[in-house]
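Visitor: Provided below: work-v3.txt, containing compact mmCIF, C-alpha atoms.
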```txt
# COMPACT_ATOMS: atom_id res chain seq x y z
CA MET A 1 147.84 -58.77 -24.61
CA ASP A 2 145.66 -56.12 -26.28
CA LYS A 3 143.60 -55.74 -23.09
CA LEU A 4 146.82 -55.39 -21.08
CA LEU A 5 148.05 -52.64 -23.42
CA GLN A 6 144.75 -50.84 -22.97
CA ILE A 7 145.37 -50.63 -19.22
CA PHE A 8 149.17 -50.23 -19.09
CA SER A 9 151.60 -48.47 -21.42
CA THR A 10 154.47 -50.49 -22.93
CA ARG A 11 156.88 -48.70 -20.58
CA GLU A 12 154.87 -49.69 -17.52
CA ILE A 13 154.69 -53.30 -18.72
CA VAL A 14 158.44 -53.38 -19.35
CA THR A 15 159.14 -51.84 -15.94
CA GLY A 16 157.05 -54.56 -14.32
CA VAL A 17 158.75 -57.30 -16.34
CA TRP A 18 162.27 -56.18 -15.39
CA MET A 19 161.28 -55.76 -11.74
CA ILE A 20 160.03 -59.35 -11.69
CA ILE A 21 163.27 -60.51 -13.36
CA PHE A 22 165.27 -58.56 -10.77
CA LEU A 23 163.32 -60.02 -7.84
CA ILE A 24 163.78 -63.55 -9.18
CA SER A 25 167.51 -63.05 -9.84
CA ILE A 26 168.31 -61.82 -6.33
CA GLN A 27 166.99 -65.10 -4.93
CA PHE A 28 170.06 -66.80 -6.43
CA ASN A 29 172.52 -64.37 -4.78
CA THR A 30 172.82 -65.07 -1.06
CA THR A 31 174.46 -61.74 -0.16
CA VAL A 32 171.91 -59.63 -2.03
CA ARG A 33 169.04 -61.75 -0.73
CA ILE A 34 170.13 -61.28 2.89
CA ALA A 35 170.54 -57.53 2.32
CA CYS A 36 167.05 -57.32 0.78
CA HIS A 37 165.59 -59.24 3.71
CA ARG A 38 167.20 -56.75 6.11
CA VAL A 39 165.76 -53.83 4.15
CA LEU A 40 162.34 -55.52 4.21
CA HIS A 41 162.68 -56.02 7.96
CA VAL A 42 163.37 -52.29 8.43
CA LEU A 43 160.44 -51.34 6.18
CA THR A 44 158.08 -53.47 8.26
CA HIS A 45 158.96 -51.63 11.47
CA LYS A 46 155.88 -50.52 13.38
CA LYS A 47 156.51 -46.77 12.98
CA ILE A 48 157.18 -47.02 9.25
CA LEU A 49 154.09 -49.15 8.69
CA LEU A 50 152.01 -46.59 10.61
CA CYS A 51 153.43 -43.77 8.47
CA ILE A 52 152.55 -45.69 5.29
CA LEU A 53 149.08 -46.50 6.66
CA PHE A 54 148.32 -42.89 7.59
CA LEU A 55 149.69 -41.69 4.24
CA GLY A 56 147.40 -44.15 2.47
CA LEU A 57 144.38 -43.03 4.53
CA TYR A 58 145.21 -39.36 3.97
CA MET A 59 145.63 -39.77 0.19
CA GLY A 60 142.46 -41.89 0.15
CA GLY A 61 140.66 -38.88 1.64
CA VAL A 62 142.22 -36.62 -0.98
CA THR A 63 141.06 -39.00 -3.73
CA LEU A 64 137.51 -38.96 -2.33
CA LEU A 65 137.62 -35.15 -2.33
CA LEU A 66 138.73 -35.11 -5.98
CA LEU A 67 135.95 -37.59 -6.75
CA LYS A 68 133.45 -35.33 -4.97
CA VAL A 69 134.37 -32.37 -7.21
CA LYS A 70 134.12 -34.66 -10.28
CA PHE A 71 137.85 -34.45 -11.09
CA TRP A 72 138.84 -38.04 -10.23
CA SER A 73 137.31 -41.13 -11.85
CA ILE A 74 137.88 -44.88 -11.53
CA SER A 75 139.88 -44.80 -14.79
CA MET A 76 142.59 -42.88 -12.87
CA LEU A 77 142.99 -45.61 -10.25
CA LYS A 78 146.06 -47.13 -11.92
CA ASP A 79 147.83 -43.75 -12.19
CA THR A 80 146.94 -42.92 -8.58
CA ILE A 81 148.40 -46.21 -7.33
CA LEU A 82 151.55 -45.74 -9.43
CA TRP A 83 151.94 -42.19 -8.05
CA PHE A 84 151.58 -43.52 -4.50
CA PHE A 85 154.22 -46.25 -4.85
CA PHE A 86 156.74 -44.47 -7.10
CA PHE A 87 156.49 -40.91 -5.75
CA ALA A 88 154.71 -40.64 -2.40
CA LEU A 89 156.56 -43.54 -0.77
CA ILE A 90 159.91 -42.26 -2.07
CA ILE A 91 159.23 -38.87 -0.46
CA LEU A 92 158.16 -40.66 2.72
CA PHE A 93 161.40 -42.68 2.90
CA ASN A 94 163.40 -39.47 2.35
CA ILE A 95 161.44 -37.39 4.84
CA GLN A 96 164.63 -36.62 6.81
CA LYS A 97 165.63 -34.32 3.94
CA ALA A 98 162.63 -32.15 4.82
CA LYS A 99 164.84 -30.34 7.36
CA GLU A 100 166.90 -28.97 4.46
CA PRO A 101 166.02 -25.37 3.44
CA GLY A 102 163.66 -25.17 0.47
CA PHE A 103 162.64 -28.85 0.52
CA PHE A 104 158.89 -28.22 0.27
CA LYS A 105 159.33 -25.21 -2.01
CA ASN A 106 161.29 -27.39 -4.44
CA LEU A 107 158.57 -30.05 -4.17
CA VAL A 108 155.95 -27.51 -5.24
CA LYS A 109 158.14 -26.16 -8.04
CA GLY A 110 158.84 -29.68 -9.28
CA SER A 111 155.14 -30.52 -9.37
CA ILE A 112 154.31 -27.59 -11.68
CA SER A 113 157.46 -27.52 -13.82
CA VAL A 114 157.68 -27.96 -17.60
CA ALA A 115 159.45 -31.29 -16.94
CA ILE A 116 156.14 -32.69 -15.63
CA PHE A 117 154.48 -31.93 -18.98
CA ILE A 118 157.36 -33.54 -20.89
CA GLU A 119 157.24 -36.58 -18.58
CA TYR A 120 153.49 -36.86 -19.17
CA LEU A 121 153.97 -36.79 -22.96
CA SER A 122 156.83 -39.29 -22.69
CA ASN A 123 154.59 -41.73 -20.84
CA LEU A 124 151.67 -41.04 -23.17
CA TYR A 125 153.74 -41.83 -26.25
CA THR A 126 156.03 -44.78 -25.57
CA PHE A 127 158.11 -46.97 -27.88
CA PRO A 128 156.85 -50.36 -29.10
CA LEU A 129 157.12 -53.18 -26.56
CA LEU A 130 160.27 -54.76 -28.04
CA ALA A 131 162.06 -51.40 -28.20
CA GLU A 132 161.11 -50.66 -24.57
CA LEU A 133 162.37 -54.10 -23.46
CA ILE A 134 165.77 -53.31 -24.98
CA THR A 135 166.15 -49.61 -24.08
CA PHE A 136 164.91 -49.84 -20.47
CA PRO A 137 167.83 -51.90 -19.05
CA LEU A 138 170.36 -50.00 -21.19
CA ILE A 139 169.22 -46.57 -19.99
CA THR A 140 168.91 -47.80 -16.39
CA GLY A 141 172.45 -49.20 -16.56
CA LEU A 142 173.80 -45.93 -17.97
CA ILE A 143 172.13 -43.92 -15.19
CA ILE A 144 173.57 -46.22 -12.51
CA LEU A 145 177.07 -46.01 -14.03
CA GLN A 146 176.86 -42.23 -14.35
CA SER A 147 175.72 -41.86 -10.73
CA PHE A 148 178.54 -44.13 -9.53
CA ALA A 149 181.14 -42.19 -11.56
CA GLU A 150 179.86 -38.86 -10.23
CA VAL A 151 180.01 -40.05 -6.60
CA GLU A 152 183.54 -41.41 -7.07
CA TYR A 153 184.66 -38.18 -8.73
CA LYS A 154 183.34 -36.14 -5.76
CA ARG A 155 185.27 -38.42 -3.42
CA ASP A 156 188.48 -38.12 -5.41
CA PRO A 157 188.63 -35.13 -7.84
CA GLN A 158 192.03 -36.30 -9.09
CA SER A 159 190.63 -39.58 -10.41
CA GLN A 160 189.64 -40.41 -13.99
CA TYR A 161 185.96 -40.65 -13.06
CA GLN A 162 185.34 -37.07 -14.26
CA ARG A 163 185.86 -38.13 -17.87
CA THR A 164 183.65 -41.20 -17.37
CA SER A 165 180.88 -39.11 -15.80
CA SER A 166 181.12 -36.47 -18.53
CA CYS A 167 181.01 -39.09 -21.29
CA LEU A 168 178.00 -40.87 -19.78
CA ASN A 169 176.25 -37.52 -19.32
CA LYS A 170 176.65 -36.83 -23.04
CA VAL A 171 175.30 -40.28 -23.94
CA LEU A 172 172.28 -39.81 -21.65
CA THR A 173 171.67 -36.31 -23.03
CA LEU A 174 171.77 -37.67 -26.59
CA THR A 175 169.41 -40.51 -25.63
CA GLY A 176 167.03 -38.06 -23.96
CA GLY A 177 167.16 -35.84 -27.04
CA VAL A 178 166.19 -38.74 -29.32
CA MET A 179 163.29 -39.66 -27.03
CA LEU A 180 162.16 -36.02 -26.89
CA ILE A 181 162.17 -35.77 -30.70
CA TYR A 182 160.07 -38.94 -30.87
CA VAL A 183 157.62 -37.51 -28.30
CA ILE A 184 157.35 -34.21 -30.19
CA TYR A 185 156.72 -36.06 -33.45
CA LYS A 186 154.01 -38.23 -31.90
CA THR A 187 152.47 -35.20 -30.19
CA LEU A 188 152.29 -33.19 -33.41
CA SER A 189 150.97 -36.10 -35.42
CA GLY A 190 148.35 -36.99 -32.80
CA TYR A 191 147.71 -33.60 -31.22
CA HIS A 192 143.94 -34.22 -31.21
CA ASN A 193 144.44 -36.73 -28.36
CA LEU A 194 145.71 -33.98 -26.07
CA ALA A 195 142.50 -32.00 -26.44
CA VAL A 196 140.47 -34.71 -24.71
CA ALA A 197 139.37 -33.67 -21.20
CA ASP A 198 140.32 -37.06 -19.74
CA HIS A 199 143.92 -36.64 -20.91
CA PHE A 200 144.10 -33.15 -19.45
CA ARG A 201 142.81 -34.38 -16.07
CA LEU A 202 145.26 -37.27 -16.22
CA PHE A 203 148.07 -34.79 -16.77
CA LEU A 204 146.95 -32.70 -13.76
CA LEU A 205 146.39 -35.72 -11.48
CA PRO A 206 150.01 -36.11 -10.19
CA VAL A 207 150.24 -32.33 -9.80
CA PHE A 208 147.16 -32.20 -7.55
CA LEU A 209 148.15 -35.35 -5.65
CA THR A 210 151.60 -33.89 -4.95
CA LEU A 211 150.25 -30.52 -3.83
CA PHE A 212 147.63 -32.14 -1.58
CA SER A 213 150.25 -34.49 -0.08
CA ILE A 214 152.48 -31.63 1.15
CA PRO A 215 150.46 -30.96 4.36
CA TYR A 216 150.88 -34.63 5.34
CA PHE A 217 154.62 -34.66 4.69
CA TYR A 218 155.07 -31.31 6.45
CA GLY A 219 153.11 -32.57 9.45
CA LEU A 220 155.14 -35.78 9.54
CA SER A 221 158.47 -33.93 9.33
CA LEU A 222 157.27 -31.58 12.09
CA TYR A 223 156.38 -34.56 14.29
CA ILE A 224 159.83 -36.10 13.67
CA GLU A 225 161.57 -32.83 14.61
CA TYR A 226 159.54 -32.54 17.82
CA GLU A 227 160.21 -36.19 18.68
CA ARG A 228 163.97 -35.82 18.19
CA LEU A 229 164.05 -32.60 20.21
CA PHE A 230 161.96 -33.97 23.08
CA ILE A 231 163.96 -37.21 23.31
CA THR A 232 167.19 -35.19 23.42
CA ILE A 233 165.89 -32.82 26.09
CA LYS A 234 164.49 -35.64 28.26
CA HIS A 235 167.82 -37.49 28.04
CA THR A 236 170.08 -34.50 28.75
CA ARG A 237 167.78 -33.24 31.53
CA ARG A 238 166.94 -36.63 33.08
CA LYS A 239 168.47 -35.70 36.46
CA GLU A 240 166.69 -32.36 36.76
CA ASN A 241 163.30 -31.39 38.19
CA PRO A 242 160.74 -33.23 36.00
CA VAL A 243 158.06 -30.58 36.65
CA ILE A 244 160.30 -27.81 35.28
CA ILE A 245 161.29 -29.92 32.26
CA GLN A 246 157.62 -30.70 31.58
CA LYS A 247 156.90 -26.95 31.56
CA PHE A 248 159.93 -26.49 29.27
CA LEU A 249 158.44 -28.96 26.76
CA ILE A 250 155.01 -27.33 26.96
CA ALA A 251 156.64 -23.94 26.32
CA ILE A 252 158.33 -25.36 23.23
CA LEU A 253 154.97 -26.59 21.87
CA LEU A 254 153.34 -23.27 22.69
CA TYR A 255 155.90 -20.96 21.10
CA ALA A 256 157.39 -23.12 18.33
CA ASN A 257 153.96 -24.30 17.20
CA ILE A 258 154.16 -25.44 13.54
CA SER A 259 157.25 -23.41 12.65
CA LYS A 260 160.29 -25.53 11.80
CA LYS A 261 162.48 -22.43 11.87
CA ARG A 262 161.53 -21.86 15.50
CA ILE A 263 162.27 -25.50 16.33
CA SER A 264 165.71 -25.13 14.73
CA ARG A 265 166.37 -22.09 16.95
CA ILE A 266 165.39 -24.08 20.03
CA TRP A 267 167.84 -26.82 18.95
CA LYS A 268 170.62 -24.23 19.16
CA TYR A 269 169.79 -22.89 22.59
CA HIS A 270 168.04 -25.59 24.64
CA LEU A 271 171.31 -26.73 26.26
CA THR A 272 171.92 -23.29 27.82
CA PHE A 273 168.57 -23.34 29.66
CA ASN A 274 169.15 -23.17 33.43
CA PRO A 275 166.11 -24.66 35.25
CA ARG A 276 167.22 -23.19 38.59
CA LYS A 277 167.35 -19.64 37.24
CA ASP A 278 165.36 -19.35 33.97
CA ASP A 279 161.60 -19.38 33.56
CA PRO A 280 160.83 -21.98 30.82
CA PHE A 281 158.18 -19.86 29.09
CA VAL A 282 160.23 -16.65 29.12
CA TYR A 283 163.34 -18.50 27.95
CA ILE A 284 161.64 -20.27 25.01
CA LYS A 285 159.77 -17.12 23.99
CA LYS A 286 163.14 -15.37 23.75
CA ALA A 287 164.78 -18.33 21.97
CA VAL A 288 162.22 -18.54 19.14
CA LYS A 289 162.17 -14.80 18.55
CA LYS A 290 164.03 -13.72 15.44
CA PRO A 291 166.70 -11.20 16.50
CA VAL A 292 166.42 -7.59 15.35
CA TYR A 293 169.79 -6.04 14.60
CA THR A 294 170.43 -2.36 15.34
CA ILE A 295 173.36 -0.30 14.11
CA GLY A 296 176.00 -0.07 16.83
CA THR A 297 178.81 2.39 17.54
CA GLY A 298 181.33 0.30 19.48
CA SER A 299 183.58 -0.74 16.57
CA GLN A 300 186.07 1.53 14.85
CA LEU A 301 185.61 -0.66 11.76
CA PRO A 302 182.26 0.71 10.44
CA ILE A 303 181.01 -2.51 8.82
CA PHE A 304 181.32 -4.32 12.17
CA ASN A 305 178.65 -2.01 13.60
CA ASP A 306 176.10 -3.39 11.11
CA ILE A 307 175.70 -6.97 12.34
CA GLY A 308 172.87 -7.89 9.97
CA GLN A 309 174.82 -6.77 6.91
CA VAL A 310 177.95 -8.69 7.98
CA LEU A 311 176.00 -11.93 8.58
CA LYS A 312 174.27 -11.62 5.21
CA ALA A 313 177.51 -10.81 3.36
CA LEU A 314 179.49 -13.69 4.88
CA SER A 315 176.62 -16.14 4.27
CA GLY A 316 177.08 -15.62 0.53
CA ASN A 317 180.73 -16.74 0.46
CA GLY A 318 180.01 -20.41 -0.19
CA ILE A 319 180.71 -22.11 3.14
CA GLY A 320 177.21 -21.94 4.62
CA ALA A 321 174.86 -19.47 6.26
CA VAL A 322 176.05 -17.67 9.38
CA GLY A 323 173.76 -18.29 12.35
CA GLU A 324 171.92 -15.68 14.38
CA TRP A 325 173.68 -13.19 16.66
CA ARG A 326 172.69 -14.27 20.18
CA THR A 327 173.77 -14.71 23.76
CA PHE A 328 172.17 -16.66 26.60
CA TYR A 329 174.70 -17.46 29.31
CA ASP A 330 176.92 -14.33 29.57
CA ASN A 331 177.41 -10.92 27.97
CA THR A 332 179.33 -12.26 24.98
CA TYR A 333 177.42 -12.43 21.71
CA CYS A 334 178.43 -14.81 18.95
CA ALA A 335 177.44 -16.30 15.59
CA MET A 336 179.01 -18.96 13.40
CA THR A 337 178.49 -21.14 10.36
CA GLY A 338 178.31 -24.90 10.45
CA TYR A 339 181.50 -26.74 9.59
CA PHE A 340 181.82 -26.72 5.80
CA THR A 341 183.58 -29.93 4.73
CA PHE A 342 185.45 -30.56 1.49
CA GLY A 343 188.15 -32.85 0.13
CA LYS A 344 188.14 -36.63 0.49
CA ASP A 345 185.60 -37.15 3.25
CA TYR A 346 185.14 -40.92 3.26
CA PRO A 347 186.54 -43.04 6.14
CA PRO A 348 189.22 -43.23 7.40
CA ARG A 349 190.17 -39.83 6.00
CA ILE A 350 189.56 -36.73 8.15
CA PRO A 351 187.86 -34.12 5.92
CA ASN A 352 188.95 -30.51 5.57
CA THR A 353 186.67 -27.99 7.30
CA LEU A 354 186.08 -24.25 7.04
CA VAL A 355 184.11 -22.20 9.56
CA TYR A 356 183.32 -18.56 10.31
CA ASN A 357 183.11 -17.52 13.97
CA LEU A 358 182.11 -14.03 15.10
CA THR A 359 182.13 -12.64 18.65
CA GLY A 360 181.35 -9.26 20.17
CA GLU A 361 178.75 -7.20 22.00
CA GLU A 362 175.00 -6.82 21.50
CA THR A 363 175.21 -4.16 18.75
CA TRP A 364 178.66 -4.62 17.24
CA ILE A 365 181.18 -7.29 16.23
CA LYS A 366 184.55 -7.35 17.94
CA GLU A 367 186.27 -10.19 16.09
CA LEU A 368 185.76 -12.29 12.97
CA SER A 369 187.73 -15.50 12.46
CA LEU A 370 187.93 -17.85 9.49
CA SER A 371 189.37 -21.21 10.49
CA LEU A 372 190.65 -24.00 8.24
CA ASP A 373 191.39 -27.53 9.47
CA ILE A 374 193.32 -29.75 7.03
CA GLY A 375 193.11 -33.52 7.55
CA TYR A 376 196.49 -35.25 7.52
CA GLN A 377 195.56 -37.43 4.51
CA GLN A 378 194.17 -34.57 2.44
CA ASP A 379 195.64 -32.59 -0.47
CA GLN A 380 197.13 -29.74 1.58
CA GLN A 381 197.78 -27.44 -1.38
CA GLU A 382 194.21 -27.75 -2.60
CA ALA A 383 192.87 -26.91 0.88
CA ILE A 384 195.13 -23.86 1.21
CA LEU A 385 194.06 -22.52 -2.19
CA ARG A 386 190.42 -22.94 -1.13
CA PHE A 387 191.18 -21.06 2.10
CA ARG A 388 192.91 -18.29 0.11
CA ASP A 389 189.85 -17.87 -2.13
CA ILE A 390 187.49 -17.62 0.88
CA VAL A 391 189.83 -15.09 2.54
CA ILE A 392 189.66 -12.90 -0.58
CA LEU A 393 185.87 -13.24 -0.68
CA THR A 394 185.72 -12.34 3.02
CA PHE A 395 187.55 -9.06 2.51
CA GLN A 396 185.56 -8.24 -0.61
CA SER A 397 182.20 -8.96 1.04
CA LEU A 398 183.17 -6.58 3.88
CA ASN A 399 184.26 -3.90 1.38
CA LEU A 400 187.86 -4.11 2.59
CA SER A 401 191.06 -4.32 0.56
CA TYR A 402 192.96 -7.51 1.23
CA PRO A 403 196.75 -7.17 1.72
CA GLU A 404 198.80 -8.95 -0.95
CA GLU A 405 201.27 -9.91 1.77
CA LEU A 406 198.49 -11.83 3.51
CA ILE A 407 197.75 -13.86 0.38
CA SER A 408 201.44 -14.61 -0.01
CA ALA A 409 201.70 -15.70 3.65
CA ILE A 410 198.72 -18.05 3.20
CA CYS A 411 200.33 -19.72 0.19
CA LYS A 412 203.62 -20.07 2.07
CA GLU A 413 201.81 -21.25 5.25
CA GLU A 414 203.52 -18.56 7.31
CA GLU A 415 202.23 -16.64 10.32
CA TRP A 416 201.55 -12.98 9.57
CA SER A 417 199.96 -9.88 11.11
CA ILE A 418 199.31 -6.23 10.34
CA GLU A 419 197.79 -3.23 12.11
CA GLU A 420 195.51 -1.10 9.94
CA GLU A 421 193.94 2.23 10.83
CA ASN A 422 190.90 0.75 12.59
CA TYR A 423 191.45 -3.03 12.75
CA TYR A 424 194.05 -5.79 13.13
CA VAL A 425 194.62 -8.75 10.80
CA THR A 426 196.45 -11.86 12.03
CA LEU A 427 197.18 -15.23 10.43
CA ASN A 428 198.12 -18.11 12.73
CA THR A 429 199.03 -21.73 11.99
CA GLN A 430 199.10 -24.76 14.29
CA GLN A 431 200.19 -28.32 13.58
CA PHE A 432 198.47 -31.16 15.43
CA GLU A 433 198.93 -34.90 15.16
CA LEU A 434 196.14 -35.55 12.66
CA LEU A 435 195.38 -32.10 11.23
CA LYS A 436 196.75 -28.66 10.57
CA ASN A 437 194.90 -25.47 11.51
CA ILE A 438 195.19 -22.10 9.75
CA GLU A 439 193.17 -19.22 11.20
CA LEU A 440 192.58 -15.70 9.96
CA LYS A 441 191.36 -13.08 12.46
CA LEU A 442 189.99 -9.58 11.85
CA THR A 443 189.76 -7.67 15.13
CA THR A 444 188.36 -4.18 15.43
CA LYS A 445 190.09 -1.49 17.47
```
Could you render the structure as structure tokens?

Guide:
Amino acid sequence: MDKLLQIFSTREIVTGVWMIIFLISIQFNTTVRIACHRVLHVLTHKKILLCILFLGLYMGGVTLLLLKVKFWSISMLKDTILWFFFFALIILFNIQKAKEPGFFKNLVKGSISVAIFIEYLSNLYTFPLLAELITFPLITGLIILQSFAEVEYKRDPQSQYQRTSSCLNKVLTLTGGVMLIYVIYKTLSGYHNLAVADHFRLFLLPVFLTLFSIPYFYGLSLYIEYERLFITIKHTRRKENPVIIQKFLIAILLYANISKKRISRIWKYHLTFNPRKDDPFVYIKKAVKKPVYTIGTGSQLPIFNDIGQVLKALSGNGIGAVGEWRTFYDNTYCAMTGYFTFGKDYPPRIPNTLVYNLTGEETWIKELSLSLDIGYQQDQQEAILRFRDIVILTFQSLNLSYPEELISAICKEEEWSIEEENYYVTLNTQQFELLKNIELKLTTK
């Protein structure tokens, strides 16, 4: 046992013990066992195994590099393996999230945050074995319950899960505080251990491994994006001239290169490519180019002549970023947000959605609309109040005064319109079978 404690901390031993208990227990539950076998079947898919293999080879190369510069030693093998299984593989299985803005930036920030130092101290100074055996399942259970309560509260804000989530949060905060006090006490009483070079390198090991792993994960996410895009294009263009489509794909590789932002732009505009009229290389070069907005003169509403300022202002109103101002198939320019969903969005309920849509000419905006769709099973009053708040933010972000009569009409769900000095404001409502639509329009003169 003493030799085991020299290799593993009490927390690592307890984690292993409870994992073994869990694996044994699921063998007695047919439903869970079948579900686990299905998960295992998915994990052993050829593509996933190749991703794990290449990740292992890549990190093996990184480890050899760290060994070459005399940073890594065989005593760090256990920590390297634990990092691989409990961090690298988790990132790998969540690689689809890499398309979210700031994913890799947050990964870098997380690897050099103060929390890493606290986590290192927490693992360096653990409780006695018996205490770890008792606290580990209790804390794990509390985290699972808190996560469940939080998810249920987001699904149904009117439920009692908010109190449960808040209470469990306080318990977990108190527990974390007690553990932090214990770590601080052990650190102060044994501070001489932290001055050892081996401990310092051990602290930096996960930081370096994480930073060095980012090129692999970025490359993998880039490959996935290209694969999805190419499969979509080949499917939608399967009846068209294969030579032209092949040139189209080569143009994408040439101009998108390693930029995920450029790939995302191509996703928006690849469907409007006309192989009988457009040159693939000219079209893609235009598609990946970030638009430059110039101040126009066509709108009597001054703010609508500054397209860049309007897009930036509306993007900060809490329903998503407004896309780029572009046109490809006619002389009408447009930009819109994605559909922002809220309310009870689990099946069979139809969620509420909010969306900005702007149309106009190359250098000025002609019309801005804010559209709300309310699902028939949703809290209609809650959705309308949310719409009212976004309407107020819309006027404020455009430096316009919102009419009080408009706010009153929204709350009463009435149609309404007004003609101002240099723009029109209209509020329209439509009732469909499964949803209700309320739309605000600002149209320049």

Visitor: At a cut-off of 9 Å around the point (156.9, -31.1, 4.2) (file coordinates), what residues fall inside when counting only C-alpha atoms? I'd like the answer as a PyMOL selection string.

Guide: chain A and resi 95+98-99+103-105+107+213-222

Visitor: Do you have the atom CA of A:Ser165-atom CA of A:Gly141 distance handy?

Guide: 13.2 Å

Visitor: Skip A:Thr210 itself and residues of its chain fewer than 6 positions away, then list as a list in words all residues within 9 Å of it, counting only C-alpha atoms.

Guide: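 Final neighbour list, sorted by chain and number: Trp83, Phe87, Ala88, Leu107, Val108 and Ser111 of chain A.
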
Visitor: Please provide the set of residues having any atom within 12 Å of A:Asp278, restricted to only C-alpha atoms, with same-chain residues fewer than 3 positions apart removed, written as a PyMOL selection string.

Guide: chain A and resi 244-245+247-248+270+272-275+281-286+328-329

Visitor: Restricting the calculation to all atoms listed in the file, which member of A:Val288, A:Ile392, A:Met179, A:Leu358 is positioned closest to A:Lys261?

Guide: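 Looking only at the distances to A:Lys261, the closest residue turns out to be A:Val288.
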
Visitor: Identify, on the basis of only C-alpha atoms, every residue whose closest approach to A:Lys289 does not exceed 12 Å; exclude the query and any residue fewer than 2 positions from it along the same chain; express the result as a ChimeraX atom specification.

Guide: /A:255-256,259,261-266,269,282-287,291-292,324-326

Visitor: Grab the atom CA of A:Arg33 to atom CA of A:Glu132 distance for me, in Å with one decimal place.

Guide: 27.5 Å

Visitor: Which of these, A:Lys170, A:Lys445, A:Lys268, A:Arg386, has the shortest distance to A:Gly323 once you count all atoms listed in the file?

Guide: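 Ranking A:Lys170, A:Lys445, A:Lys268, A:Arg386 by distance to A:Gly323, first place goes to A:Lys268.
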